[in-house]
file start-v6.csv (CSV, C-alpha atoms and all ligand atoms)
chain,number,residue,atom,x,y,z
E,1436,MET,CA,43.4,-71.2,-39.4
E,1437,GLN,CA,41.9,-68.0,-41.0
E,1438,ILE,CA,42.4,-66.4,-44.4
E,1439,GLN,CA,42.6,-62.7,-44.9
E,1440,VAL,CA,42.1,-61.4,-48.4
E,1441,GLY,CA,43.7,-58.0,-49.0
E,1442,SER,CA,40.7,-56.3,-50.6
E,1443,LYS,CA,37.1,-55.4,-50.1
E,1444,ASN,CA,36.2,-56.2,-53.7
E,1445,PRO,CA,33.6,-59.0,-53.6
E,1446,THR,CA,34.9,-60.6,-56.8
E,1447,LYS,CA,38.2,-61.3,-55.0
E,1448,ILE,CA,36.7,-62.3,-51.6
E,1449,GLN,CA,34.2,-64.6,-53.1
E,1450,ALA,CA,36.8,-66.3,-55.3
E,1451,VAL,CA,38.8,-67.2,-52.1
E,1452,LYS,CA,35.6,-68.3,-50.2
E,1453,GLU,CA,34.8,-70.6,-53.1
E,1454,MET,CA,38.2,-72.3,-53.0
E,1455,PHE,CA,38.4,-72.5,-49.2
E,1456,PRO,CA,34.8,-73.3,-48.2
E,1457,ASN,CA,35.8,-74.7,-44.7
E,1458,ILE,CA,38.0,-71.8,-43.6
E,1459,ASP,CA,37.0,-68.5,-42.2
E,1460,VAL,CA,37.7,-65.9,-45.0
E,1461,ASN,CA,37.6,-62.2,-44.5
E,1462,GLY,CA,38.3,-59.3,-46.8
E,1463,VAL,CA,40.3,-56.4,-45.3
E,1464,GLN,CA,41.6,-53.2,-46.8
E,1465,ALA,CA,45.3,-53.7,-47.6
E,1466,GLU,CA,47.9,-51.4,-49.2
E,1467,SER,CA,49.1,-52.8,-52.6
E,1468,GLY,CA,52.2,-50.6,-52.5
E,1469,VAL,CA,51.9,-50.0,-56.2
E,1470,SER,CA,49.9,-47.5,-58.3
E,1471,GLU,CA,46.1,-47.8,-58.4
E,1472,GLN,CA,46.5,-48.9,-62.0
E,1473,PRO,CA,49.5,-51.2,-62.2
E,1474,PHE,CA,51.1,-51.0,-65.7
E,1475,SER,CA,53.3,-54.1,-65.9
E,1476,ASP,CA,53.4,-57.8,-64.8
E,1477,GLU,CA,56.1,-56.9,-62.3
E,1478,GLU,CA,54.1,-54.1,-60.7
E,1479,THR,CA,50.8,-56.1,-60.7
E,1480,ARG,CA,52.6,-59.1,-59.1
E,1481,LEU,CA,54.2,-56.9,-56.5
E,1482,GLY,CA,50.8,-55.5,-55.6
E,1483,ALA,CA,49.4,-59.0,-55.0
E,1484,ILE,CA,52.5,-59.9,-52.8
E,1485,THR,CA,52.3,-56.7,-50.8
E,1486,ARG,CA,48.6,-57.2,-50.1
E,1487,ALA,CA,49.2,-60.8,-49.0
E,1488,LYS,CA,52.1,-59.8,-46.8
E,1489,HIS,CA,50.0,-57.0,-45.2
E,1490,CYS,CA,47.3,-59.5,-44.3
E,1491,ALA,CA,49.6,-62.3,-43.1
E,1492,ILE,CA,52.0,-60.2,-41.0
E,1493,LYS,CA,49.3,-58.4,-39.1
E,1494,ASN,CA,47.6,-61.6,-38.0
E,1495,PRO,CA,49.6,-64.7,-36.7
E,1496,TYR,CA,48.1,-68.1,-37.8
E,1497,THR,CA,46.6,-66.3,-40.7
E,1498,ILE,CA,47.1,-66.9,-44.4
E,1499,GLY,CA,47.2,-63.7,-46.4
E,1500,ILE,CA,46.0,-63.7,-50.0
E,1501,GLY,CA,46.5,-60.7,-52.4
E,1502,LEU,CA,44.8,-60.5,-55.8
E,1503,GLU,CA,45.7,-57.6,-58.1
E,1504,GLY,CA,44.6,-56.7,-61.6
E,1505,GLY,CA,46.7,-54.6,-64.0
E,1506,VAL,CA,47.7,-54.1,-67.6
E,1507,MET,CA,50.9,-55.0,-69.4
E,1508,TYR,CA,52.4,-54.4,-72.9
E,1509,MET,CA,53.4,-57.2,-75.2
E,1510,ASP,CA,55.0,-55.7,-78.4
E,1511,ASN,CA,52.5,-52.8,-79.0
E,1512,ASP,CA,49.5,-54.5,-77.6
E,1513,LEU,CA,48.2,-53.8,-74.1
E,1514,TYR,CA,46.8,-56.8,-72.1
E,1515,LEU,CA,44.7,-57.1,-68.9
E,1516,CYS,CA,46.8,-59.1,-66.5
E,1517,ASN,CA,46.1,-60.6,-63.1
E,1518,TRP,CA,48.3,-61.8,-60.3
E,1519,GLY,CA,47.7,-63.6,-57.0
E,1520,ALA,CA,49.9,-64.2,-54.0
E,1521,LEU,CA,49.5,-66.4,-50.8
E,1522,VAL,CA,51.7,-65.7,-47.8
E,1523,THR,CA,51.7,-68.4,-45.1
E,1524,PRO,CA,52.1,-67.9,-41.3
E,1525,GLU,CA,55.6,-69.3,-41.8
E,1526,ASN,CA,56.2,-66.5,-44.4
E,1527,ASP,CA,56.4,-68.7,-47.5
E,1528,ILE,CA,55.3,-66.6,-50.5
E,1529,ILE,CA,53.4,-68.5,-53.2
E,1530,THR,CA,52.4,-66.7,-56.5
E,1531,ALA,CA,50.5,-67.4,-59.6
E,1532,SER,CA,49.3,-65.4,-62.6
E,1533,GLY,CA,45.8,-65.3,-64.2
E,1534,ALA,CA,44.2,-64.8,-67.5
E,1535,ARG,CA,45.2,-62.1,-69.9
E,1536,ILE,CA,43.1,-60.5,-72.6
E,1537,LYS,CA,44.0,-57.8,-75.1
E,1538,ILE,CA,42.5,-54.4,-74.3
E,1539,PRO,CA,40.8,-52.3,-77.0
E,1540,LYS,CA,42.8,-49.3,-78.2
E,1541,ASP,CA,40.2,-46.7,-77.0
E,1542,ILE,CA,40.5,-48.1,-73.4
E,1543,GLU,CA,44.3,-48.1,-73.8
E,1544,GLU,CA,44.1,-44.4,-74.6
E,1545,GLY,CA,42.2,-43.7,-71.4
E,1546,LEU,CA,44.7,-45.7,-69.4
E,1547,LEU,CA,47.5,-43.7,-70.9
E,1548,LYS,CA,45.7,-40.6,-69.6
E,1549,ASN,CA,46.0,-42.1,-66.1
E,1550,VAL,CA,42.4,-43.1,-65.8
E,1551,GLU,CA,41.9,-46.3,-63.8
E,1552,LEU,CA,40.5,-49.3,-65.9
E,1553,GLY,CA,37.6,-49.6,-63.5
E,1554,THR,CA,36.5,-46.1,-64.2
E,1555,LEU,CA,36.9,-46.6,-68.0
E,1556,MET,CA,34.9,-49.8,-67.9
E,1557,ASP,CA,31.9,-48.2,-66.2
E,1558,THR,CA,31.8,-45.6,-68.9
E,1559,TYR,CA,32.4,-48.1,-71.7
E,1560,ALA,CA,29.8,-50.6,-70.5
E,1561,GLU,CA,27.4,-47.8,-69.3
E,1562,ARG,CA,27.2,-49.7,-66.0
E,1563,LYS,CA,28.2,-49.1,-62.4
E,1564,ASP,CA,31.0,-50.9,-60.5
E,1565,VAL,CA,32.0,-53.2,-63.4
E,1566,SER,CA,35.2,-54.0,-61.5
E,1567,LYS,CA,33.1,-55.5,-58.6
E,1568,LYS,CA,30.9,-57.5,-61.0
E,1569,GLU,CA,31.8,-59.2,-64.3
E,1570,GLY,CA,34.9,-57.0,-64.8
E,1571,ALA,CA,36.6,-55.9,-67.9
E,1572,ILE,CA,37.3,-59.6,-68.6
E,1573,GLY,CA,33.6,-60.3,-68.6
E,1574,ILE,CA,32.8,-57.3,-70.8
E,1575,PHE,CA,35.5,-58.2,-73.3
E,1576,THR,CA,34.5,-62.0,-73.4
E,1577,ASN,CA,30.8,-61.4,-74.0
E,1578,GLN,CA,30.2,-62.4,-70.4
E,1579,LEU,CA,31.7,-65.9,-71.0
E,1580,ILE,CA,33.8,-65.5,-67.9
E,1581,THR,CA,33.5,-63.1,-64.9
E,1582,ARG,CA,36.2,-61.4,-62.9
E,1583,GLN,CA,35.3,-63.7,-59.9
E,1584,GLU,CA,35.7,-66.9,-62.0
E,1585,MET,CA,39.0,-65.6,-63.3
E,1586,PHE,CA,40.3,-64.9,-59.8
E,1587,ARG,CA,39.0,-68.3,-58.6
E,1588,HIS,CA,41.3,-69.9,-61.2
E,1589,VAL,CA,44.2,-67.9,-59.8
E,1590,VAL,CA,43.3,-68.9,-56.2
E,1591,THR,CA,43.2,-72.5,-57.4
E,1592,LEU,CA,46.8,-72.2,-58.6
E,1593,LEU,CA,47.7,-70.7,-55.2
E,1594,LYS,CA,45.8,-73.4,-53.2
E,1595,GLY,CA,47.4,-76.3,-55.2
E,1596,GLN,CA,50.9,-75.0,-54.5
E,1597,TRP,CA,50.0,-74.4,-50.8
E,1598,MET,CA,48.7,-78.0,-50.5
E,1599,LEU,CA,51.9,-79.4,-52.1
E,1600,LEU,CA,54.0,-77.3,-49.7
E,1601,ASN,CA,52.0,-78.8,-46.8
E,1602,ASN,CA,52.2,-82.4,-48.1
E,1603,TYR,CA,48.4,-82.7,-48.4
E,1604,ASN,CA,47.1,-86.1,-49.5
E,1605,LYS,CA,50.6,-87.5,-49.8
W,1701,LIG,O1,36.5,-53.4,-64.4
W,1701,LIG,C1,37.6,-54.0,-64.2
W,1701,LIG,N1,37.7,-55.3,-64.6
W,1701,LIG,C2,38.8,-56.0,-64.5
W,1701,LIG,O2,38.8,-57.2,-64.9
W,1701,LIG,C3,39.9,-55.3,-63.9
W,1701,LIG,N2,41.2,-55.7,-63.6
W,1701,LIG,C4,41.8,-54.6,-63.1
W,1701,LIG,N3,40.9,-53.6,-63.1
W,1701,LIG,C5,41.2,-52.3,-62.6
W,1701,LIG,O3,42.6,-52.1,-62.5
W,1701,LIG,C6,42.9,-51.4,-61.4
W,1701,LIG,C7,43.7,-52.2,-60.4
W,1701,LIG,O4,43.0,-53.4,-60.1
W,1701,LIG,P1,42.7,-53.9,-58.6
W,1701,LIG,O5,43.2,-55.2,-58.5
W,1701,LIG,O6,43.2,-52.8,-57.6
W,1701,LIG,O7,41.1,-54.0,-58.6
W,1701,LIG,P2,40.1,-53.1,-57.7
W,1701,LIG,O8,40.6,-51.7,-57.5
W,1701,LIG,O9,38.8,-53.3,-58.4
W,1701,LIG,O10,40.0,-53.9,-56.3
W,1701,LIG,P3,40.7,-53.5,-54.9
W,1701,LIG,O11,41.8,-52.5,-55.1
W,1701,LIG,O12,39.5,-52.9,-54.1
W,1701,LIG,O13,41.1,-54.8,-54.4
W,1701,LIG,C8,41.5,-50.9,-60.8
W,1701,LIG,O14,41.2,-49.7,-61.3
W,1701,LIG,C9,40.6,-52.0,-61.3
W,1701,LIG,O15,39.3,-51.5,-61.4
W,1701,LIG,C10,39.8,-54.0,-63.5
W,1701,LIG,N4,38.6,-53.3,-63.7
W,1702,MG,MG,42.4,-51.2,-56.6

call {"tool": "encode", "arguments": {"input": "start-v6.csv", "output": "structure tokens", "more": "lines below"}}
Ligand SMILES: O=c1[nH]c(=O)c2ncn([C@@H]3O[C@H](COP(=O)(O)OP(=O)(O)OP(=O)(O)O)[C@@H](O)[C@H]3O)c2[nH]1
Ligand SMILES: [Mg+2]
result
Amino acid sequence: MQIQVGSKNPTKIQAVKEMFPNIDVNGVQAESGVSEQPFSDEETRLGAITRAKHCAIKNPYTIGIGLEGGVMYMDNDLYLCNWGALVTPENDIITASGARIKIPKDIEEGLLKNVELGTLMDTYAERKDVSKKEGAIGIFTNQLITRQEMFRHVVTLLKGQWMLLNNYNK
């Protein structure tokens, strides 16, 4: 068994490696099929599913995992949202969503000008590659949680459902 993660982002790849320590995990470039900056739960979720399908279909006996970050409105507030998908060699599709956190208005204004969150975060935090390190979720939680930890939680939800599907420990 092998797992392909549909991303080269280390926060996503490491999150999967942590949850599947005994399986060979590789990160591969995968189309999300959605915009670079997903702007709804539905779009973000579809991006995760498309990435996972891209990985599973190209490689038999391989589990595909897609992890996608996006933003979504609730009333007039914009939230960071995160979705994960796991596609099995038998083509079962398992999904789960991750943490959300409200995004500051100045960042929202940048997003509405079609600037990607990752770019905005580097400027805001005066750092490089925030999206490959603590992430927006780390910056806006005073570093209490990192993007990798947040994705590890999503992968935990995916793995638990996958184990149930495969009657593990029954
Ligand atoms: O700094 C960030 N911290 C975060 O918590 C976060 N969540 C989402 N995004 C950004 O939203 C877009 C789609 O996300 P995304 O899933 O495509 O991520 P990504 O582009 O970093 O990875 P990948 O596409 O190489 O897999 C990209 O512009 C990401 O930078 C974040 N940026
Ligand atoms: Mg991306």

call {"tool": "closest_residue", "arguments": {"input": "start-v6.csv", "among": "E:Gly1533, E:Gly1553, E:Pro1456, E:Gly1545", "to": "ligand LIG 1701 (chain W)", "atoms": "all atoms listed in the file"}}
result
E:Gly1553

call {"tool": "residues_around", "arguments": {"input": "start-v6.csv", "residues": "Phe1474 of chain E", "least_positions_apart": "4", "cutoff": "7 Å", "atoms": "only C-alpha atoms", "output": "PyMOL selection string"}}
result
chain E and resi 1478+1505-1507

call {"tool": "atom_distance", "arguments": {"input": "start-v6.csv", "atom1": "atom CA of Lys1447 of chain E", "atom2": "atom CA of Leu1555 of chain E"}}
result
19.7 Å

call {"tool": "closest_residue", "arguments": {"input": "start-v6.csv", "among": "E:Ala1571, E:Glu1477, E:Ile1492, E:Met1436", "to": "Asn1461 of chain E", "atoms": "all atoms listed in the file"}}
result
E:Met1436

call {"tool": "closest_residue", "arguments": {"input": "start-v6.csv", "among": "E:Lys1443, E:Trp1597, E:Arg1486, E:Thr1523", "to": "Lys1567 of chain E", "atoms": "only C-alpha atoms"}}
result
E:Lys1443

call {"tool": "residues_around", "arguments": {"input": "start-v6.csv", "residues": "segment 1562-1566 of chain E", "least_positions_apart": "5", "cutoff": "9 Å", "atoms": "only C-alpha atoms", "output": "list in words"}}
result
Asn1444, Thr1446, Leu1552, Gly1553, Thr1554, Met1556, Asp1557, Ala1571, Gly1573, Ile1574 and Arg1582 of chain E

call {"tool": "residues_near_ligand", "arguments": {"input": "start-v6.csv", "ligand": "ligand MG 1702 (chain W)", "cutoff": "8 Å", "atoms": "all atoms listed in the file", "output": "ChimeraX atom specification"}}
result
/E:1467,1471-1472,1503-1504

call {"tool": "residues_near_point", "arguments": {"input": "start-v6.csv", "point": "(53.5, -62.3, -46.3)", "cutoff": "6 Å", "atoms": "only C-alpha atoms", "output": "PyMOL selection string"}}
result
chain E and resi 1487-1488+1491-1492+1522+1526

call {"tool": "residues_around", "arguments": {"input": "start-v6.csv", "residues": "Pro1445 of chain E", "least_positions_apart": "5", "cutoff": "9 Å", "atoms": "only C-alpha atoms", "output": "list in words"}}
result
Ala1450, Gly1462, Lys1567, Lys1568 and Gln1583 of chain E

call {"tool": "atom_distance", "arguments": {"input": "start-v6.csv", "atom1": "atom CA of Cys1490 of chain E", "atom2": "atom CA of Gln1439 of chain E"}}
result
5.7 Å

call {"tool": "closest_residue", "arguments": {"input": "start-v6.csv", "among": "E:Ile1500, E:Ala1465, E:Ile1542, E:Leu1579", "to": "Val1451 of chain E", "atoms": "all atoms listed in the file"}}
result
E:Ile1500

call {"tool": "atom_distance", "arguments": {"input": "start-v6.csv", "atom1": "atom CA of Gly1468 of chain E", "atom2": "atom P1 of ligand LIG 1701 (chain W)"}}
result
11.8 Å

call {"tool": "build_atoms", "arguments": {"input": "start-v6.csv", "residues": "segment 1502-1537 of chain E", "atoms": "N, CA and C atoms", "output": "mmCIF file, keeping the file's coordinate frame"}}
result
data_model
loop_
_atom_site.group_PDB
_atom_site.id
_atom_site.type_symbol
_atom_site.label_atom_id
_atom_site.label_comp_id
_atom_site.auth_asym_id
_atom_site.auth_seq_id
_atom_site.Cartn_x
_atom_site.Cartn_y
_atom_site.Cartn_z
ATOM 1 N N LEU E 1502 45.196 -60.337 -54.388
ATOM 2 C CA LEU E 1502 44.800 -60.500 -55.800
ATOM 3 C C LEU E 1502 44.849 -59.103 -56.430
ATOM 4 N N GLU E 1503 45.547 -58.961 -57.522
ATOM 5 C CA GLU E 1503 45.700 -57.600 -58.100
ATOM 6 C C GLU E 1503 45.537 -57.711 -59.655
ATOM 7 N N GLY E 1504 44.786 -56.757 -60.150
ATOM 8 C CA GLY E 1504 44.600 -56.700 -61.600
ATOM 9 C C GLY E 1504 45.466 -55.537 -62.131
ATOM 10 N N GLY E 1505 45.922 -55.687 -63.346
ATOM 11 C CA GLY E 1505 46.700 -54.600 -64.000
ATOM 12 C C GLY E 1505 46.693 -54.756 -65.469
ATOM 13 N N VAL E 1506 47.599 -54.024 -66.098
ATOM 14 C CA VAL E 1506 47.700 -54.100 -67.600
ATOM 15 C C VAL E 1506 49.210 -54.228 -67.896
ATOM 16 N N MET E 1507 49.536 -54.813 -69.035
ATOM 17 C CA MET E 1507 50.900 -55.000 -69.400
ATOM 18 C C MET E 1507 51.053 -54.986 -70.946
ATOM 19 N N TYR E 1508 52.204 -54.448 -71.444
ATOM 20 C CA TYR E 1508 52.400 -54.400 -72.900
ATOM 21 C C TYR E 1508 53.131 -55.676 -73.370
ATOM 22 N N MET E 1509 52.720 -56.193 -74.505
ATOM 23 C CA MET E 1509 53.400 -57.200 -75.200
ATOM 24 C C MET E 1509 53.547 -56.742 -76.661
ATOM 25 N N ASP E 1510 54.787 -56.461 -77.104
ATOM 26 C CA ASP E 1510 55.000 -55.700 -78.400
ATOM 27 C C ASP E 1510 54.164 -54.410 -78.208
ATOM 28 N N ASN E 1511 53.292 -54.076 -79.116
ATOM 29 C CA ASN E 1511 52.500 -52.800 -79.000
ATOM 30 C C ASN E 1511 51.107 -53.028 -78.498
ATOM 31 N N ASP E 1512 50.845 -54.229 -78.048
ATOM 32 C CA ASP E 1512 49.500 -54.500 -77.600
ATOM 33 C C ASP E 1512 49.405 -54.498 -76.069
ATOM 34 N N LEU E 1513 48.354 -53.871 -75.552
ATOM 35 C CA LEU E 1513 48.200 -53.800 -74.100
ATOM 36 C C LEU E 1513 47.198 -54.896 -73.659
ATOM 37 N N TYR E 1514 47.607 -55.649 -72.629
ATOM 38 C CA TYR E 1514 46.800 -56.800 -72.100
ATOM 39 C C TYR E 1514 46.351 -56.497 -70.683
ATOM 40 N N LEU E 1515 45.148 -56.968 -70.351
ATOM 41 C CA LEU E 1515 44.700 -57.100 -68.900
ATOM 42 C C LEU E 1515 45.545 -58.201 -68.351
ATOM 43 N N CYS E 1516 46.137 -57.993 -67.170
ATOM 44 C CA CYS E 1516 46.800 -59.100 -66.500
ATOM 45 C C CYS E 1516 46.366 -59.200 -65.061
ATOM 46 N N ASN E 1517 46.536 -60.370 -64.483
ATOM 47 C CA ASN E 1517 46.100 -60.600 -63.100
ATOM 48 C C ASN E 1517 47.088 -61.439 -62.357
ATOM 49 N N TRP E 1518 47.344 -61.084 -61.105
ATOM 50 C CA TRP E 1518 48.300 -61.800 -60.300
ATOM 51 C C TRP E 1518 47.726 -62.118 -58.915
ATOM 52 N N GLY E 1519 48.134 -63.265 -58.365
ATOM 53 C CA GLY E 1519 47.700 -63.600 -57.000
ATOM 54 C C GLY E 1519 48.944 -64.013 -56.188
ATOM 55 N N ALA E 1520 48.848 -63.792 -54.873
ATOM 56 C CA ALA E 1520 49.900 -64.200 -54.000
ATOM 57 C C ALA E 1520 49.275 -64.751 -52.691
ATOM 58 N N LEU E 1521 49.921 -65.795 -52.126
ATOM 59 C CA LEU E 1521 49.500 -66.400 -50.800
ATOM 60 C C LEU E 1521 50.694 -66.351 -49.931
ATOM 61 N N VAL E 1522 50.588 -65.747 -48.760
ATOM 62 C CA VAL E 1522 51.700 -65.700 -47.800
ATOM 63 C C VAL E 1522 51.241 -66.533 -46.563
ATOM 64 N N THR E 1523 52.059 -67.519 -46.177
ATOM 65 C CA THR E 1523 51.700 -68.400 -45.100
ATOM 66 C C THR E 1523 52.141 -67.811 -43.740
ATOM 67 N N PRO E 1524 51.613 -68.344 -42.613
ATOM 68 C CA PRO E 1524 52.100 -67.900 -41.300
ATOM 69 C C PRO E 1524 53.578 -68.046 -41.112
ATOM 70 N N GLU E 1525 54.154 -69.024 -41.897
ATOM 71 C CA GLU E 1525 55.600 -69.300 -41.800
ATOM 72 C C GLU E 1525 56.360 -68.347 -42.801
ATOM 73 N N ASN E 1526 55.611 -67.436 -43.437
ATOM 74 C CA ASN E 1526 56.200 -66.500 -44.400
ATOM 75 C C ASN E 1526 56.678 -67.030 -45.697
ATOM 76 N N ASP E 1527 56.129 -68.186 -46.074
ATOM 77 C CA ASP E 1527 56.400 -68.700 -47.500
ATOM 78 C C ASP E 1527 55.529 -67.781 -48.375
ATOM 79 N N ILE E 1528 56.059 -67.456 -49.540
ATOM 80 C CA ILE E 1528 55.300 -66.600 -50.500
ATOM 81 C C ILE E 1528 55.070 -67.464 -51.764
ATOM 82 N N ILE E 1529 53.785 -67.694 -52.047
ATOM 83 C CA ILE E 1529 53.400 -68.500 -53.200
ATOM 84 C C ILE E 1529 52.721 -67.494 -54.203
ATOM 85 N N THR E 1530 53.058 -67.577 -55.477
ATOM 86 C CA THR E 1530 52.400 -66.700 -56.500
ATOM 87 C C THR E 1530 51.914 -67.434 -57.660
ATOM 88 N N ALA E 1531 51.007 -66.791 -58.385
ATOM 89 C CA ALA E 1531 50.500 -67.400 -59.600
ATOM 90 C C ALA E 1531 49.848 -66.244 -60.439
ATOM 91 N N SER E 1532 49.882 -66.408 -61.760
ATOM 92 C CA SER E 1532 49.300 -65.400 -62.600
ATOM 93 C C SER E 1532 47.976 -65.907 -63.218
ATOM 94 N N GLY E 1533 47.148 -64.968 -63.616
ATOM 95 C CA GLY E 1533 45.800 -65.300 -64.200
ATOM 96 C C GLY E 1533 45.718 -64.991 -65.621
ATOM 97 N N ALA E 1534 44.463 -64.987 -66.044
ATOM 98 C CA ALA E 1534 44.200 -64.800 -67.500
ATOM 99 C C ALA E 1534 44.590 -63.430 -67.962
ATOM 100 N N ARG E 1535 44.896 -63.394 -69.213
ATOM 101 C CA ARG E 1535 45.200 -62.100 -69.900
ATOM 102 C C ARG E 1535 44.249 -61.987 -71.085
ATOM 103 N N ILE E 1536 43.926 -60.769 -71.430
ATOM 104 C CA ILE E 1536 43.100 -60.500 -72.600
ATOM 105 C C ILE E 1536 43.507 -59.158 -73.165
ATOM 106 N N LYS E 1537 43.563 -59.069 -74.489
ATOM 107 C CA LYS E 1537 44.000 -57.800 -75.100
ATOM 108 C C LYS E 1537 42.894 -56.746 -74.860
#
